[in-house]
Amino acid sequence: MKFEELEAHIPRLRRYALALMRDRVEADDLVQDTLERALRKASLWRRDSDLRAWLFTIMHNVHVNRLRRELRNVTVPELDGEIENLSVDADQDAALEARDLTAALARLPVGLRSVVLLVGLEQLSYQEAASVLGVPVGTVMSRLSRGRERLRALMSGEPVPHLRRVK
Amino acid sequence: MSEGRRSLTVEEIHSYADGRLDAARRAEVEALLSEDPDAAARAEAYRRQNEALHAQFDGVLEEPVPAHFDPRLRSARRRTLVQRAAVLAWLVIGPAAGWLAHGLIDRSPAPEFALLPRAAAVAHAVYTPEVIHPVEVAAEQERHLVQWLSKRLDAPLRVPDLNAFAYALVGGRLLPADDGPAAQFMYQTAQGVRLTLYVRAREAGDGDTAFRYAREGGVSVLYWIDGRLGYALSGEVERTELLTMAEAVYRQLGLSG
């Protein structure tokens, strides 16, 4: 596979990465690592399959690996979206600040955020999202519901009990 | 909900919001939604979320793909990484070692940039209180702004994105510096706190520097020289906060090169 074949997909990979990471530099770093990995693993890609979905899968894996490294001391279920982001600090300003979409997204656990973005922004089908994330389609549906409901609550400024810190 | 009608499944609500139903099923779901206000509100909220996501992030699709993504240019990337590592090292060591280390960084800017922090702070103080005309070209015309100022400074400029710090671009303007043009980009938070990035070019690019910190009046300035360009980030914020943002600016500008 040549770089030129991947090039057409880069804008959408960047869009997803930016929405996922928020920080442009980190997002582009993720894209870069994804492209490098895709070129290294090119032999694993089946010509008749969807290149875009394959690239999103690689990006997901690269991202998860990074998170694992960052969260070395945290158990793996964190990555499945069951536990909140460690960085989330639900203070009094949280509801106000979270009305902003970007801030609200950041408050979603990464497992929920990925699903909301793959479906809502990248317009992957539920089946495609399941395959990118390596989970059953039922899991995609339940994460989608939880993610969207939580975004809805955050953006309407309602208190989101899940985000409260355990004292 | 009337009797005999089945209730909507969660998947139907999502599929409807995502526009994934064919006409027949769409009509069926719409009929059910009309009798189920809760489900209808959910579907509408989800649809709006999708819209908001596109409004927020589709802009990146229009941007040219950065050349450094091409692994054939990897050597260039390594250089950037080394530069970044140097800055990061300073960021980590600098504050920790305190004033002593700060003094050691370097105190003699290239002569062309001796006035950089002062000029940046003055421009900051003059334009940030401006209510009606804070900038000449607003952020809505970002492409034009960049092209125009790049042309006037005769150097490829790029506007860093500080949204991650809740600073959105307001726009920019052209300014006279001591012996040529300078550019100022202005950012502000939702609360109206403003930050400016001042950029000057020089003839030849030699002698990059680490970050330097200066205080001019009540304005904190972090400035550095990268190739032909001198940058100064100014704001009425804490030094550490300014450092974090300057580092982000530096990384973004470095990656673009």
# chains A, B, ... in the order shown; residues from 1 in each chain; ligands from 1
call {"tool": "interface_residues", "arguments": {"of": "chain B", "to": "chain A", "cutoff": "7 Å", "atoms": "only C-alpha atoms", "output": "list in words"}}
result
Glu11, Asp18, Ala45, Tyr46, Asn50, Leu53, His54, Phe57, Asp58, Val60, Leu61, Val65, Phe69, Asp70, Pro71, Ala164, Arg251 and Gln252 of chain B
call {"tool": "atom_distance", "arguments": {"atom1": "atom CA of Val64 of chain A", "atom2": "atom CA of Ala166 of chain B"}}
result
25.9 Å
call {"tool": "residues_around", "arguments": {"residues": "segment 182-198 of chain B", "least_positions_apart": "5", "cutoff": "6 Å", "atoms": "only C-alpha atoms", "output": "PyMOL selection string"}}
result
chain B and resi 120+166-177+231-235
call {"tool": "select_by_dssp", "arguments": {"residues": "segment 33-74 of chain A", "states": "alpha helix (DSSP H)", "output": "JSON, numbers by chain"}}
result
{"A": [33, 34, 35, 36, 37, 38, 39, 40, 51, 52, 53, 54, 55, 56, 57, 58, 59, 60, 61, 62, 63, 64, 65, 66, 67, 68, 69, 70]}
call {"tool": "closest_residue", "arguments": {"among": "B:Arg47, B:Arg228, B:His133, B:Arg215", "to": "Leu242 of chain B", "atoms": "only C-alpha atoms"}}
result
B:Arg215
call {"tool": "atom_distance", "arguments": {"atom1": "atom CA of Glu241 of chain B", "atom2": "atom CA of Tyr213 of chain B"}}
result
12.2 Å
call {"tool": "decode", "arguments": {"residues": "segment 105-154 of chain A", "atoms": "C-alpha atoms", "output": "PDB file, in the first residue's frame"}}
result
ATOM      1  CA  LEU A 105     -17.694  15.607  24.841  1.00  0.00           C
ATOM      2  CA  ALA A 106     -14.629  15.727  27.012  1.00  0.00           C
ATOM      3  CA  ARG A 107     -16.772  14.751  29.952  1.00  0.00           C
ATOM      4  CA  LEU A 108     -17.909  11.565  28.287  1.00  0.00           C
ATOM      5  CA  PRO A 109     -15.960   8.453  29.126  1.00  0.00           C
ATOM      6  CA  VAL A 110     -13.844   7.637  26.124  1.00  0.00           C
ATOM      7  CA  GLY A 111     -15.763   4.449  25.337  1.00  0.00           C
ATOM      8  CA  LEU A 112     -19.001   6.371  25.017  1.00  0.00           C
ATOM      9  CA  ARG A 113     -17.351   9.266  23.223  1.00  0.00           C
ATOM     10  CA  SER A 114     -15.937   7.016  20.491  1.00  0.00           C
ATOM     11  CA  VAL A 115     -19.319   5.516  19.747  1.00  0.00           C
ATOM     12  CA  VAL A 116     -21.117   8.865  19.688  1.00  0.00           C
ATOM     13  CA  LEU A 117     -18.482  10.223  17.303  1.00  0.00           C
ATOM     14  CA  LEU A 118     -18.170   7.227  15.006  1.00  0.00           C
ATOM     15  CA  VAL A 119     -21.933   7.112  14.540  1.00  0.00           C
ATOM     16  CA  GLY A 120     -22.924  10.756  14.842  1.00  0.00           C
ATOM     17  CA  LEU A 121     -19.972  12.452  13.196  1.00  0.00           C
ATOM     18  CA  GLU A 122     -18.348   9.838  10.995  1.00  0.00           C
ATOM     19  CA  GLN A 123     -21.677   8.290  10.060  1.00  0.00           C
ATOM     20  CA  LEU A 124     -20.571   4.739  10.440  1.00  0.00           C
ATOM     21  CA  SER A 125     -23.374   2.203  10.625  1.00  0.00           C
ATOM     22  CA  TYR A 126     -23.884   0.556  14.013  1.00  0.00           C
ATOM     23  CA  GLN A 127     -22.396  -2.617  12.581  1.00  0.00           C
ATOM     24  CA  GLU A 128     -19.342  -0.775  11.253  1.00  0.00           C
ATOM     25  CA  ALA A 129     -18.842   0.994  14.558  1.00  0.00           C
ATOM     26  CA  ALA A 130     -19.042  -2.370  16.327  1.00  0.00           C
ATOM     27  CA  SER A 131     -16.396  -3.793  14.056  1.00  0.00           C
ATOM     28  CA  VAL A 132     -14.099  -0.766  14.433  1.00  0.00           C
ATOM     29  CA  LEU A 133     -14.364  -0.943  18.215  1.00  0.00           C
ATOM     30  CA  GLY A 134     -14.237  -4.728  18.346  1.00  0.00           C
ATOM     31  CA  VAL A 135     -17.437  -5.061  20.371  1.00  0.00           C
ATOM     32  CA  PRO A 136     -20.858  -6.600  19.679  1.00  0.00           C
ATOM     33  CA  VAL A 137     -23.410  -4.348  18.010  1.00  0.00           C
ATOM     34  CA  GLY A 138     -25.570  -4.533  21.155  1.00  0.00           C
ATOM     35  CA  THR A 139     -22.742  -2.895  23.079  1.00  0.00           C
ATOM     36  CA  VAL A 140     -22.578  -0.146  20.482  1.00  0.00           C
ATOM     37  CA  MET A 141     -26.295   0.496  20.914  1.00  0.00           C
ATOM     38  CA  SER A 142     -26.119   0.646  24.680  1.00  0.00           C
ATOM     39  CA  ARG A 143     -23.060   2.906  24.650  1.00  0.00           C
ATOM     40  CA  LEU A 144     -24.686   5.091  22.042  1.00  0.00           C
ATOM     41  CA  SER A 145     -27.758   5.483  24.237  1.00  0.00           C
ATOM     42  CA  ARG A 146     -25.778   6.240  27.352  1.00  0.00           C
ATOM     43  CA  GLY A 147     -23.420   8.579  25.512  1.00  0.00           C
ATOM     44  CA  ARG A 148     -26.151  10.536  23.821  1.00  0.00           C
ATOM     45  CA  GLU A 149     -28.276  10.772  26.943  1.00  0.00           C
ATOM     46  CA  ARG A 150     -25.342  12.031  28.918  1.00  0.00           C
ATOM     47  CA  LEU A 151     -24.423  14.581  26.252  1.00  0.00           C
ATOM     48  CA  ARG A 152     -28.007  15.695  26.223  1.00  0.00           C
ATOM     49  CA  ALA A 153     -27.995  16.200  29.978  1.00  0.00           C
ATOM     50  CA  LEU A 154     -24.635  17.966  29.923  1.00  0.00           C
TER      51      LEU A 154
END
